[in-house]
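I have placed the structure first, in the form of structure tokens, so that the comments after it can refer back to it.
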2 protein chains.
Amino acid sequence: MRKESQLLRWIFWIVVITALFFLGFIIGWFAKPTHPNSGDSSDSRHYLREFLDEMRPETIRQHLRSFTRLPHLAGTEQNLKYAEQIMKEWQDFGLDSVEMVPYDVLLSYPNKSRPNYISIVDANGNEVFNTSLAEPVPEGYEDVSDIVPPYSAFSARGQPKGDLVYVNYGRTEDFFQLQRQMEIDVTGKIVIVRYGKIFRGNKVKNAMLAGAKGIIMFSDPADYCADGVQPYPDGWNLPGGGAQRGNVLNLNGAGDPLTPGYPAKEYTYRYSFEDGVGLPSIPVHPIGYHDAIHLLKNMGGKTPPNNWKGALNVSYRIGPGFIDDFKSHAVRMNIHTINQVTRIYNVIGKIRGALEPDRYVILGGHRDAWVFGGIDPMSGAAVVHETVRSAGRLISKGWRPRRTIIFASWDAEEFGLQGSTEWAEDNAKLLQDRAVAYINADSAIEGMYTLRVDCSPSLHTLVYNITKQIASPEEGEEGMSLYESWHKRDNWTNDRDAPRISKLGSGSDFEAYFIRLGIAAGRARYTKNKKTERYSSYPVYHSVYETFEIVEKFYDPSFRRLQAVAQVRGGLIFSLADSLLLPLDANQYADSLRKYAQSIAHVGQMHPEEMQMYQVSFDSLFSAVENFTIAARGFHERLETLNRVRLVNDQLMYLERGFIDPLGLPGRPFYRHVIFAPSSHNKYAGESFPGIYDALFDIENSVEPQRAWREVKRQISIAAFTVHSAAMTLTPPARAK
Amino acid sequence: MRKESQLLRWIFWIVVITALFFLGFIIGWFAKPTHPNSGDSSDSRHYLREFLDEMRPETIRQHLRSFTRLPHLAGTEQNLKYAEQIMKEWQDFGLDSVEMVPYDVLLSYPNKSRPNYISIVDANGNEVFNTSLAEPVPEGYEDVSDIVPPYSAFSARGQPKGDLVYVNYGRTEDFFQLQRQMEIDVTGKIVIVRYGKIFRGNKVKNAMLAGAKGIIMFSDPADYCADGVQPYPDGWNLPGGGAQRGNVLNLNGAGDPLTPGYPAKEYTYRYSFEDGVGLPSIPVHPIGYHDAIHLLKNMGGKTPPNNWKGALNVSYRIGPGFIDDFKSHAVRMNIHTINQVTRIYNVIGKIRGALEPDRYVILGGHRDAWVFGGIDPMSGAAVVHETVRSAGRLISKGWRPRRTIIFASWDAEEFGLQGSTEWAEDNAKLLQDRAVAYINADSAIEGMYTLRVDCSPSLHTLVYNITKQIASPEEGEEGMSLYESWHKRDNWTNDRDAPRISKLGSGSDFEAYFIRLGIAAGRARYTKNKKTERYSSYPVYHSVYETFEIVEKFYDPSFRRLQAVAQVRGGLIFSLADSLLLPLDANQYADSLRKYAQSIAHVGQMHPEEMQMYQVSFDSLFSAVENFTIAARGFHERLETLNRVRLVNDQLMYLERGFIDPLGLPGRPFYRHVIFAPSSHNKYAGESFPGIYDALFDIENSVEPQRAWREVKRQISIAAFTVHSAAMTLTPPARAK
């Protein structure tokens, strides 16, 4: 009896123990997440806060001071030295790896022994006026050597002589007006145009197409001086002796002109200069407004329309040539600029992702500057530097992002986005398969008013979320978020109550990533008040007056605006790299597509008879957008219940890729994004549905309307297909019965 | 005391219980795999065995019988009926989803009221001889209507009249020899060439380039009859009244000629016929050897070189024109073929992957046939059908593959791979991101000797593994594996002891997947003995004599050869879809690249002086291959220890994509694979390094050798870059410090 009872007791306890073991086992089994680290978002939020708080105005100030002491044009020794400094400091900050990546690309410099200038010559060929050979050097920099004088990089060499014709901003429509309404032919003439409105390379191309044998570009005070502001150093306006440097290529995304489509490595085949991409065939030169007065003041010919007049005290007559007293005078350009293959250096730093090392989030901005680069680009480079420093601090505390973060200091942006494009070409395969997003870091400030963000629609939501976690840098806005401050100053103009976010254009290093490879991209900087400040970019743009002091004295004395920009750029990178689910929004893309489709259809519908005659319809595009909208909605609804994180993240990552047409836009094989690209008429402005836009633009001046409208139809069909394709990437990959 | 002891006892038990619970919890936690189903490979092996064993000769025979009763040319009602039948049966077999996917593409048919033929006309314009309007119908099919007569699809319409010139096979080198050595100009002449050696479309292009105004192609017994074999129905040789249909496009991968680059949907913009891709501008017509005798027997002019002579009892004189007695006779072609946009139907069936539904393994083959399609393509379609049936059986037993499997029945392959290309264009974005491999399923048999496999080097190892698990279908080889049987009959010719595997060329539906999109691809079929059987393809190719009976009587009476092919194709699909680690081999790719590099360098080195003069070197290519080899070796070594399956599988999947150049080969935007593509001179033959190959080919006939050699250098540089790029895809994605 006793034995039995003991046996029963033993059995009882064994059963209990076994049951408990299994209970534990089962709870353990189910307690363990299938996806490691899916639950760490509070950790991640905490680290994000630390990451943002670690970025400080004073250190940004130090970086900017350190990066702007000497001129560091691409291809020069000083720019290599800054690269080495950045590499070393990134290593010290704690990145996993930092490397220097060189390419040998075509750059362009003035000939040191034969300066470039423009003359007015009399009937005997005597130079009666010459433009200045350099800008007056700003105080404190008198002993600096190696300041490159204002020039147009990649100008053709030559000394063309001829009569001047003034063509306003040199836009396509300005040349149309000149040729059609004023009936002036510029063949064999030298054209003079003012800077502004469009990319200077497009002005040069238009002049070439019109038959001009040279082109002079000047900065008009109407476009480069703000009201009530003094010229530098007393204010931040462009002095009369200042001029805008810049390249005049028409690359359309090719990068190095001699190695389009391939990285400019040692073994790479190079085209001859004649076959290079986008090199102008005529001399080009930039001047300031003091010099411009001399060229313009005696011009004769037709009086200009009012909107062709700038703010100089001259008549802005069109020409050709000078008024009676100076009829025998002509203008001669003397351009001796030299193109040469030169080594450039990108600095690439990485933090390896803990869980998805094969997913890349990139923060890249250029380092090369025309002179000191106080604003362009070092205000941006200082911000990137601070971001790297802050990330390094987190790493030292044990943090590691889910995905790999890549930091880049690009070279030779000023010569046609070359460093960034060559690296994109070099790594195209990897980037196409693995890149989640690219955040650009050019100049961090161009005004003192509020935030400016241009980005892919998929990033809108994230931008709003991040800016809500950052403090306004403005005085008197303590306790207000950057979002609120921004919202107050620049509300969305159309259909929703949120701060304005614009389309990406081109003209900075995101181009190859976004427009060629289809990687979601964005940029953020501090900007001016668009409504009241009508000047182009910022007045001292690309002049010797872009110094550390102009930032410290005028643009951001407290360095809190740069801090805010650093926090935006850094916050975007952090969230993209560390969120379990990628913070990309397909619904927002759908909304934007609808707006763009309405807007481009509106342009077409300005020709109702022709639309009917040639049977052009936007219906297929609208129905593709509708289909995309449904797919996006379905996708985000399924996100709630799906647990295959990698699968849905891949769908989100590849969404932007869905808009890439491998065939490229007509005649522009490296501009492949069907939704966003610059128009053919201005590299700076991002157009939506650029293929349709350009086709509609060409309607205006086509001698074969039938062919032109056929091209509109073809482009609508391509756009509709592309939107359908992108929608496909959002649908479930396959269904079980 | 007692109380204390009880308390202690309680404490003891609580501790024990808690400890046991935690032990259970911990064991449960660690017992649960992080990657679900990572350990099921013995299950998978077991299912593979069942899958292979389920495929049966008798059912394959039934499928083939059912699919070959009626002619089913693309675009006809009967071919839609077969599509519907296949769709229904695939549903019944148990696929998760089956859908019909239509496109509207350009097809080409004879004009039913004006037959195509060729005449000899006398001086008065009387037709003294006309070629036959149809092939003699084989026994048993006398009552069948809708047998399309032999024609060249997409021929231009017209009735050109002129003297005949015989140009052997119509290859580039044949036309060179004609023009340079024989000094015969074919401008305004009608050329007659024999079928064989190269794709017929290339013959037509060569004739057009040479200035001919028409081209006739005939099947010479030297190329379309095997020794000691009777013509059908007594044997499997081509009867004298049989002729080879076929399209004569030069599409270079464009698919539908009117919608290159985009799927031919309802809303898609279509080019006009004049702007369509690859449409010949001259009339083209195929004839059998009985008719050919009449055209050739009285030809005059030069006597031919020996290798221009076929096996007919005629002189094979070159012309132009006829011998003295018939000098006044000329040849007139009467071609009234009509191009028209026509709806075609792909059938797409899917099995959803259990664990990686967003990874696709594709088995696709065409359904449309010139007439009955006894061999081409229904021997292949029957095999796919059996594969689907067997997969359905497994599903009913609870199996589900790791990845999604897609089965495709393509339409309009015979008209330029249109069904498969349009679907690839439609789904390009998804395929690029998600497709693991594409296995092609055209004709499963073209001879009675042994297995033939053409595939990407990354698939070699898998092909060997699978064929070792399949039985030889040959009589007297019981107990021998297919691998052993194959190895015995067709040993690797060069450097290793294994059965031969060849490069993929083109001419079937894998083209868009492999050459445009860069998806690892392969094909397998039963073939002839290449060493002893010298005829082109198989004798009755594209004639009315491709019946069910020719397979049943001659090619595979037991249907065990088709069974073996089904098992190879099915086994590949199964392994690619179900293996935890993708069975793709980067090391093998490295070995193949080295061989190809040596071989193409060898071609260049046949011009040693010019190589030196123009500073052409293959060193950069060899060093890229070396770099790739190291990357591949490192990758496979790391596989041993890595546990991120999805990451390394993505690397393997994207390896083939690494060889794609988005810019395409020169002038061929849809041929983008830098390692494999047909040469410009023969679509059928896959060349390795096709860009370099074509550039070297052009050396021979370039009037500007410097420019030609520059192109060689450019192509070497592109190849080296591409191999470096592909190597990059294999390296670790990022390193921690």
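The chains in the structure tokens are called A, B, ... from first to last as shown; in each chain the residues are counted from 1, and the ligands are counted from 1 in the order shown.
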Notebook entry, point to check: Could you name the residues that touch Asp433 (chain B) at 12 Å or less, counting only C-alpha atoms, but leaving out those on the same chain fewer than 6 positions away, as an NGL selection string?
Noted result: (:A and (429 or 432-434 or 647 or 650-655 or 657-658 or 728-729 or 733)) or (:B and (358-360 or 427 or 517-519 or 650-651 or 653-654 or 656-657))
Could you turn the residues from that selection into a file that holds N, CA, C and O atoms, as a short mmCIF file (atom, residue, chain, number, x, y, z; two decimals), in the first residue's frame?
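Saved to again-v9.cif:
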```cif
data_model
loop_
_atom_site.label_atom_id
_atom_site.label_comp_id
_atom_site.auth_asym_id
_atom_site.auth_seq_id
_atom_site.Cartn_x
_atom_site.Cartn_y
_atom_site.Cartn_z
N LYS A 429 25.52 47.38 -60.26
CA LYS A 429 24.88 46.09 -60.02
C LYS A 429 24.47 45.95 -58.56
O LYS A 429 23.36 45.54 -58.25
N GLN A 432 21.68 48.53 -57.58
CA GLN A 432 20.39 48.15 -58.15
C GLN A 432 19.73 47.07 -57.31
O GLN A 432 18.53 47.09 -57.08
N ASP A 433 20.51 46.13 -56.84
CA ASP A 433 19.95 45.02 -56.08
C ASP A 433 19.75 45.35 -54.61
O ASP A 433 18.94 44.73 -53.94
N ARG A 434 20.52 46.30 -54.08
CA ARG A 434 20.60 46.41 -52.62
C ARG A 434 20.33 47.79 -52.02
O ARG A 434 20.18 47.89 -50.81
N LEU A 647 10.53 40.30 -47.36
CA LEU A 647 9.78 40.29 -48.61
C LEU A 647 9.12 41.65 -48.85
O LEU A 647 9.26 42.23 -49.92
N ASP A 650 11.63 44.38 -49.52
CA ASP A 650 12.13 44.33 -50.90
C ASP A 650 11.12 44.97 -51.84
O ASP A 650 11.49 45.70 -52.77
N GLN A 651 9.85 44.72 -51.60
CA GLN A 651 8.85 45.36 -52.46
C GLN A 651 8.96 46.88 -52.36
O GLN A 651 8.92 47.58 -53.36
N LEU A 652 9.13 47.37 -51.14
CA LEU A 652 9.25 48.81 -50.96
C LEU A 652 10.53 49.35 -51.58
O LEU A 652 10.55 50.39 -52.23
N MET A 653 11.61 48.61 -51.38
CA MET A 653 12.89 49.06 -51.92
C MET A 653 12.83 49.13 -53.45
O MET A 653 13.34 50.06 -54.06
N TYR A 654 12.20 48.12 -54.04
CA TYR A 654 12.19 48.04 -55.50
C TYR A 654 11.08 48.90 -56.13
O TYR A 654 11.02 49.01 -57.34
N LEU A 655 10.23 49.48 -55.31
CA LEU A 655 9.18 50.33 -55.86
C LEU A 655 9.75 51.44 -56.74
O LEU A 655 9.33 51.63 -57.88
N ARG A 657 12.60 51.52 -58.18
CA ARG A 657 13.19 50.88 -59.36
C ARG A 657 12.12 50.58 -60.41
O ARG A 657 12.42 50.49 -61.60
N GLY A 658 10.89 50.39 -59.96
CA GLY A 658 9.79 50.09 -60.86
C GLY A 658 9.54 51.19 -61.88
O GLY A 658 8.92 50.94 -62.91
N MET A 728 2.78 46.56 -60.25
CA MET A 728 3.03 45.12 -60.15
C MET A 728 4.00 44.79 -59.02
O MET A 728 3.85 43.77 -58.36
N THR A 729 5.00 45.63 -58.82
CA THR A 729 5.98 45.33 -57.78
C THR A 729 5.33 45.36 -56.40
O THR A 729 5.90 44.83 -55.45
N PRO A 733 3.39 38.52 -54.37
CA PRO A 733 4.24 37.87 -55.36
C PRO A 733 3.60 36.66 -56.03
O PRO A 733 3.91 36.35 -57.17
N ASP B 358 8.28 35.12 -53.24
CA ASP B 358 8.79 36.17 -54.14
C ASP B 358 10.08 35.76 -54.83
O ASP B 358 10.85 36.60 -55.26
N ARG B 359 10.31 34.48 -54.94
CA ARG B 359 11.42 34.00 -55.76
C ARG B 359 10.84 33.04 -56.79
O ARG B 359 10.11 32.12 -56.42
N TYR B 360 11.16 33.29 -58.08
CA TYR B 360 10.50 32.56 -59.15
C TYR B 360 11.44 31.62 -59.90
O TYR B 360 12.53 32.02 -60.31
N ASN B 427 6.63 41.79 -67.47
CA ASN B 427 7.00 41.47 -66.09
C ASN B 427 8.47 41.73 -65.78
O ASN B 427 9.02 41.20 -64.81
N LEU B 517 17.44 39.88 -69.72
CA LEU B 517 17.25 40.13 -68.30
C LEU B 517 18.34 39.55 -67.41
O LEU B 517 18.44 39.90 -66.24
N GLY B 518 19.16 38.63 -67.97
CA GLY B 518 20.22 38.08 -67.15
C GLY B 518 19.73 37.13 -66.07
O GLY B 518 20.13 37.22 -64.91
N ILE B 519 18.85 36.24 -66.45
CA ILE B 519 18.38 35.22 -65.52
C ILE B 519 19.07 33.91 -65.91
O ILE B 519 19.09 33.54 -67.09
N ASP B 650 20.44 35.46 -52.63
CA ASP B 650 20.31 36.65 -53.47
C ASP B 650 21.60 36.89 -54.25
O ASP B 650 21.58 37.26 -55.42
N GLN B 651 22.72 36.68 -53.60
CA GLN B 651 23.98 36.85 -54.32
C GLN B 651 24.06 35.89 -55.50
O GLN B 651 24.44 36.26 -56.60
N MET B 653 21.49 34.43 -57.02
CA MET B 653 20.47 34.77 -58.00
C MET B 653 20.92 35.93 -58.87
O MET B 653 20.72 35.94 -60.09
N TYR B 654 21.54 36.92 -58.25
CA TYR B 654 21.92 38.12 -58.99
C TYR B 654 23.24 37.97 -59.73
O TYR B 654 23.63 38.87 -60.47
N GLU B 656 24.02 36.09 -62.29
CA GLU B 656 23.81 36.16 -63.74
C GLU B 656 23.46 37.59 -64.15
O GLU B 656 23.91 38.07 -65.19
N ARG B 657 22.67 38.27 -63.34
CA ARG B 657 22.31 39.66 -63.63
C ARG B 657 23.57 40.53 -63.68
O ARG B 657 23.57 41.57 -64.35
#
```
Give me the residues within 7 Å of region 470-482 of chain B as a compact mmCIF listing (two decimals) with N, CA and C atoms, in the first residue's frame, counting only C-alpha atoms and dropping any in the same chain fewer than 4 places off.
```txt
# COMPACT_ATOMS: atom_id res chain seq x y z
N ILE B 466 21.52 16.23 -61.30
CA ILE B 466 20.19 15.73 -61.62
C ILE B 466 20.27 14.53 -62.55
N TRP B 486 25.01 9.46 -71.17
CA TRP B 486 25.36 10.72 -71.84
C TRP B 486 26.89 10.90 -71.90
N ARG B 560 10.56 6.77 -73.82
CA ARG B 560 11.43 6.87 -72.64
C ARG B 560 12.45 8.00 -72.79
N ARG B 561 12.76 8.34 -74.05
CA ARG B 561 13.66 9.49 -74.21
C ARG B 561 12.96 10.79 -73.78
N ALA B 564 12.91 10.90 -70.12
CA ALA B 564 14.19 11.33 -69.55
C ALA B 564 14.33 12.86 -69.64
N GLN B 567 12.25 14.43 -67.07
CA GLN B 567 12.86 14.32 -65.74
C GLN B 567 14.01 15.32 -65.57
```
Item checked: Residue nearest Asn252 (chain A) among A:His63, A:Lys503, A:Lys397, A:Lys683 (counting only C-alpha atoms) ->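 The answer is A:Lys683, which sits nearest to Asn252 (chain A).
For the pair CA of Thr641 (chain A) and CA of Pro732 (chain A), the separation is 12.9 Å.
Residues within 12 Å of Ile699 (chain B), counting only C-alpha atoms and excluding same-chain residues fewer than 6 positions away, are B:Val603, B:Gly604, B:Met606, B:His607, B:Glu610, B:Met611, B:Ile692, B:Tyr693, B:Pro705, B:Gln706, B:Arg707, B:Ala708, B:Trp709, B:Arg710, B:Glu711, B:Val712, B:Lys713.
If you look at CA of Arg393 (chain B) and CA of Leu95 (chain B), they are 9.9 Å away from each other.
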Check: Per DSSP on the backbone, what are the helix (DSSP H, G or I) residues of region 353-412 of chain A, as a ChimeraX atom specification?
Finding: /A:378-396
Taking all heavy atoms for each residue, export the selection above as a CSV table (one decimal), in the first residue's frame.
```csv
chain,number,residue,atom,x,y,z
A,378,MET,N,30.7,73.0,-48.7
A,378,MET,CA,31.3,72.5,-47.4
A,378,MET,C,30.2,72.7,-46.3
A,378,MET,O,30.3,72.0,-45.2
A,378,MET,CB,32.6,73.3,-47.1
A,378,MET,CG,33.7,73.0,-48.1
A,378,MET,SD,33.7,71.3,-48.9
A,378,MET,CE,34.7,70.5,-47.7
A,379,SER,N,29.2,73.6,-46.5
A,379,SER,CA,28.2,73.7,-45.4
A,379,SER,C,27.5,72.3,-45.4
A,379,SER,O,27.1,71.8,-44.3
A,379,SER,CB,27.2,74.8,-45.8
A,379,SER,OG,26.5,74.5,-47.0
A,380,GLY,N,27.4,71.6,-46.5
A,380,GLY,CA,26.9,70.3,-46.6
A,380,GLY,C,27.9,69.2,-46.0
A,380,GLY,O,27.5,68.3,-45.3
A,381,ALA,N,29.2,69.4,-46.4
A,381,ALA,CA,30.2,68.4,-46.0
A,381,ALA,C,30.3,68.5,-44.5
A,381,ALA,O,30.6,67.4,-43.8
A,381,ALA,CB,31.5,68.7,-46.7
A,382,ALA,N,30.2,69.7,-43.9
A,382,ALA,CA,30.4,69.8,-42.4
A,382,ALA,C,29.2,69.1,-41.7
A,382,ALA,O,29.4,68.4,-40.7
A,382,ALA,CB,30.4,71.3,-42.1
A,383,VAL,N,28.1,69.1,-42.3
A,383,VAL,CA,26.9,68.5,-41.8
A,383,VAL,C,27.1,66.9,-41.9
A,383,VAL,O,26.7,66.2,-40.9
A,383,VAL,CB,25.6,69.0,-42.6
A,383,VAL,CG1,24.6,67.9,-42.6
A,383,VAL,CG2,25.2,70.3,-42.0
A,384,VAL,N,27.6,66.5,-43.0
A,384,VAL,CA,27.8,65.0,-43.1
A,384,VAL,C,28.8,64.6,-42.1
A,384,VAL,O,28.7,63.6,-41.4
A,384,VAL,CB,28.3,64.6,-44.5
A,384,VAL,CG1,28.8,63.2,-44.6
A,384,VAL,CG2,27.2,64.9,-45.6
A,385,HIS,N,29.9,65.4,-41.9
A,385,HIS,CA,30.9,65.1,-41.0
A,385,HIS,C,30.3,64.9,-39.6
A,385,HIS,O,30.7,64.0,-38.8
A,385,HIS,CB,31.9,66.2,-41.0
A,385,HIS,CG,33.4,65.7,-40.8
A,385,HIS,ND1,33.9,64.8,-41.7
A,385,HIS,CD2,34.3,66.0,-39.9
A,385,HIS,CE1,35.2,64.6,-41.3
A,385,HIS,NE2,35.4,65.3,-40.2
A,386,GLU,N,29.5,65.8,-39.2
A,386,GLU,CA,28.8,65.8,-37.9
A,386,GLU,C,28.0,64.6,-37.8
A,386,GLU,O,27.9,63.9,-36.7
A,386,GLU,CB,28.0,67.1,-37.7
A,386,GLU,CG,27.4,67.2,-36.3
A,386,GLU,CD,28.5,67.3,-35.2
A,386,GLU,OE1,29.7,67.3,-35.4
A,386,GLU,OE2,28.0,67.5,-34.0
A,387,THR,N,27.3,64.2,-38.8
A,387,THR,CA,26.5,63.0,-38.8
A,387,THR,C,27.3,61.7,-38.6
A,387,THR,O,26.9,60.9,-37.8
A,387,THR,CB,25.7,62.9,-40.2
A,387,THR,OG1,25.1,64.1,-40.5
A,387,THR,CG2,24.7,61.8,-40.1
A,388,VAL,N,28.5,61.7,-39.3
A,388,VAL,CA,29.4,60.6,-39.1
A,388,VAL,C,29.9,60.5,-37.6
A,388,VAL,O,29.9,59.5,-37.0
A,388,VAL,CB,30.5,60.6,-40.1
A,388,VAL,CG1,31.5,59.5,-39.8
A,388,VAL,CG2,30.1,60.6,-41.5
A,389,ARG,N,30.2,61.7,-37.1
A,389,ARG,CA,30.7,61.7,-35.7
A,389,ARG,C,29.7,61.2,-34.8
A,389,ARG,O,29.9,60.4,-33.9
A,389,ARG,CB,31.1,63.2,-35.4
A,389,ARG,CG,31.9,63.3,-34.1
A,389,ARG,CD,32.2,64.8,-33.7
A,389,ARG,NE,30.9,65.5,-33.3
A,389,ARG,CZ,30.3,65.3,-32.2
A,389,ARG,NH1,30.7,64.5,-31.3
A,389,ARG,NH2,29.1,66.0,-32.0
A,390,SER,N,28.4,61.7,-35.0
A,390,SER,CA,27.4,61.2,-34.1
A,390,SER,C,27.1,59.7,-34.2
A,390,SER,O,26.9,59.0,-33.2
A,390,SER,CB,26.1,62.0,-34.4
A,390,SER,OG,25.1,61.7,-33.5
A,391,ALA,N,27.1,59.2,-35.4
A,391,ALA,CA,26.9,57.8,-35.6
A,391,ALA,C,28.0,57.0,-34.9
A,391,ALA,O,27.8,56.0,-34.3
A,391,ALA,CB,26.9,57.5,-37.1
A,392,GLY,N,29.3,57.5,-35.0
A,392,GLY,CA,30.4,56.9,-34.4
A,392,GLY,C,30.2,56.8,-32.9
A,392,GLY,O,30.5,55.8,-32.2
A,393,ARG,N,29.6,57.9,-32.3
A,393,ARG,CA,29.4,57.8,-30.8
A,393,ARG,C,28.4,56.7,-30.5
A,393,ARG,O,28.6,56.0,-29.5
A,393,ARG,CB,28.8,59.2,-30.4
A,393,ARG,CG,29.8,60.3,-30.4
A,393,ARG,CD,30.8,60.2,-29.2
A,393,ARG,NE,30.0,60.3,-28.0
A,393,ARG,CZ,30.4,61.2,-27.0
A,393,ARG,NH1,31.5,61.9,-27.1
A,393,ARG,NH2,29.6,61.3,-25.9
A,394,LEU,N,27.4,56.6,-31.3
A,394,LEU,CA,26.4,55.5,-31.0
A,394,LEU,C,27.0,54.2,-31.1
A,394,LEU,O,26.7,53.3,-30.3
A,394,LEU,CB,25.2,55.6,-32.0
A,394,LEU,CG,24.1,56.6,-31.9
A,394,LEU,CD1,22.9,56.1,-32.7
A,394,LEU,CD2,23.8,56.8,-30.4
A,395,ILE,N,27.9,54.0,-32.1
A,395,ILE,CA,28.5,52.7,-32.2
A,395,ILE,C,29.3,52.4,-31.0
A,395,ILE,O,29.3,51.2,-30.5
A,395,ILE,CB,29.4,52.7,-33.5
A,395,ILE,CG1,28.5,52.6,-34.7
A,395,ILE,CG2,30.3,51.5,-33.5
A,395,ILE,CD1,29.2,52.7,-36.0
A,396,SER,N,30.0,53.4,-30.5
A,396,SER,CA,30.9,53.1,-29.3
A,396,SER,C,30.0,52.8,-28.1
A,396,SER,O,30.5,52.2,-27.1
A,396,SER,CB,31.7,54.4,-29.0
A,396,SER,OG,30.8,55.4,-28.5
```
Margin query: Show me, as a count of residues only, the residues that have an atom within 12 Å of Leu64 (chain A) when counting only C-alpha atoms, minus same-chain residues fewer than 6 positions from it.
Written below: 33
Margin query: Quick one: residues within 12 Å of Ala207 (chain B), only C-alpha atoms, excluding same-chain residues fewer than 3 positions away - as a count of residues only?
Written below: 41
Next item on the list: Would you please work out which residue, of B:Ser44, B:Gln159, B:Thr259, B:Asn79, is nearest to Asp411 (chain B) when using only C-alpha atoms?
Entry: B:Asn79
Item checked: Residues within 8 Å of region 140-154 of chain A, only C-alpha atoms, excluding chain neighbours under 5 positions, as a ChimeraX atom specification -> /A:70-71,107-110,116,133-135,243-249,279-280,284-287,337-339,370-371,415,543-544
Find the residues near region 720-727 of chain B: any atom within 6 Å, counting only C-alpha atoms, skip ones fewer than 4 places away on the same chain, and give them as a short mmCIF file (atom, residue, chain, number, x, y, z; two decimals) with all heavy atoms, in the first residue's frame.
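Produced file selection.cif, reproduced below:
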```cif
data_model
loop_
_atom_site.label_atom_id
_atom_site.label_comp_id
_atom_site.auth_asym_id
_atom_site.auth_seq_id
_atom_site.Cartn_x
_atom_site.Cartn_y
_atom_site.Cartn_z
N SER B 620 43.55 43.26 -69.29
CA SER B 620 42.54 43.72 -68.34
C SER B 620 41.43 42.69 -68.20
O SER B 620 40.87 42.50 -67.13
CB SER B 620 41.97 45.07 -68.77
OG SER B 620 41.30 44.95 -70.01
N LEU B 621 41.12 42.01 -69.30
CA LEU B 621 40.08 40.98 -69.24
C LEU B 621 40.54 39.80 -68.39
O LEU B 621 39.81 39.30 -67.54
CB LEU B 621 39.70 40.54 -70.65
CG LEU B 621 38.60 39.49 -70.73
CD1 LEU B 621 37.32 39.95 -70.04
CD2 LEU B 621 38.30 39.13 -72.19
N ALA B 624 40.44 40.69 -64.83
CA ALA B 624 39.06 40.69 -64.32
C ALA B 624 38.59 39.26 -64.05
O ALA B 624 37.93 38.99 -63.04
CB ALA B 624 38.14 41.38 -65.31
N PHE B 628 37.42 37.64 -60.59
CA PHE B 628 36.13 36.94 -60.46
C PHE B 628 36.36 35.56 -59.82
O PHE B 628 35.59 35.11 -58.97
CB PHE B 628 35.48 36.78 -61.83
CG PHE B 628 34.12 36.12 -61.78
CD1 PHE B 628 32.97 36.89 -61.71
CD2 PHE B 628 34.00 34.73 -61.77
CE1 PHE B 628 31.72 36.29 -61.64
CE2 PHE B 628 32.75 34.13 -61.70
CZ PHE B 628 31.61 34.92 -61.64
N ALA B 631 36.84 35.86 -56.18
CA ALA B 631 35.58 36.20 -55.53
C ALA B 631 34.68 34.98 -55.43
O ALA B 631 34.03 34.74 -54.41
CB ALA B 631 34.88 37.34 -56.28
N GLY B 658 24.60 40.11 -62.96
CA GLY B 658 25.85 40.87 -62.95
C GLY B 658 26.49 40.99 -64.32
O GLY B 658 27.33 41.87 -64.54
N PHE B 659 26.12 40.14 -65.24
CA PHE B 659 26.73 40.18 -66.57
C PHE B 659 25.93 41.03 -67.57
O PHE B 659 26.29 41.10 -68.74
CB PHE B 659 26.91 38.76 -67.11
CG PHE B 659 27.88 37.95 -66.30
CD1 PHE B 659 27.46 36.92 -65.47
CD2 PHE B 659 29.24 38.25 -66.33
CE1 PHE B 659 28.35 36.19 -64.70
CE2 PHE B 659 30.15 37.53 -65.57
CZ PHE B 659 29.70 36.49 -64.75
#
```
Checklist line | Residue list (strand (DSSP E or B), DSSP) for region 461-638 of chain A, as JSON, numbers by chain | finding: {"A": [471, 481, 491, 499, 502, 520, 521, 522, 523, 524, 525, 526, 527]}
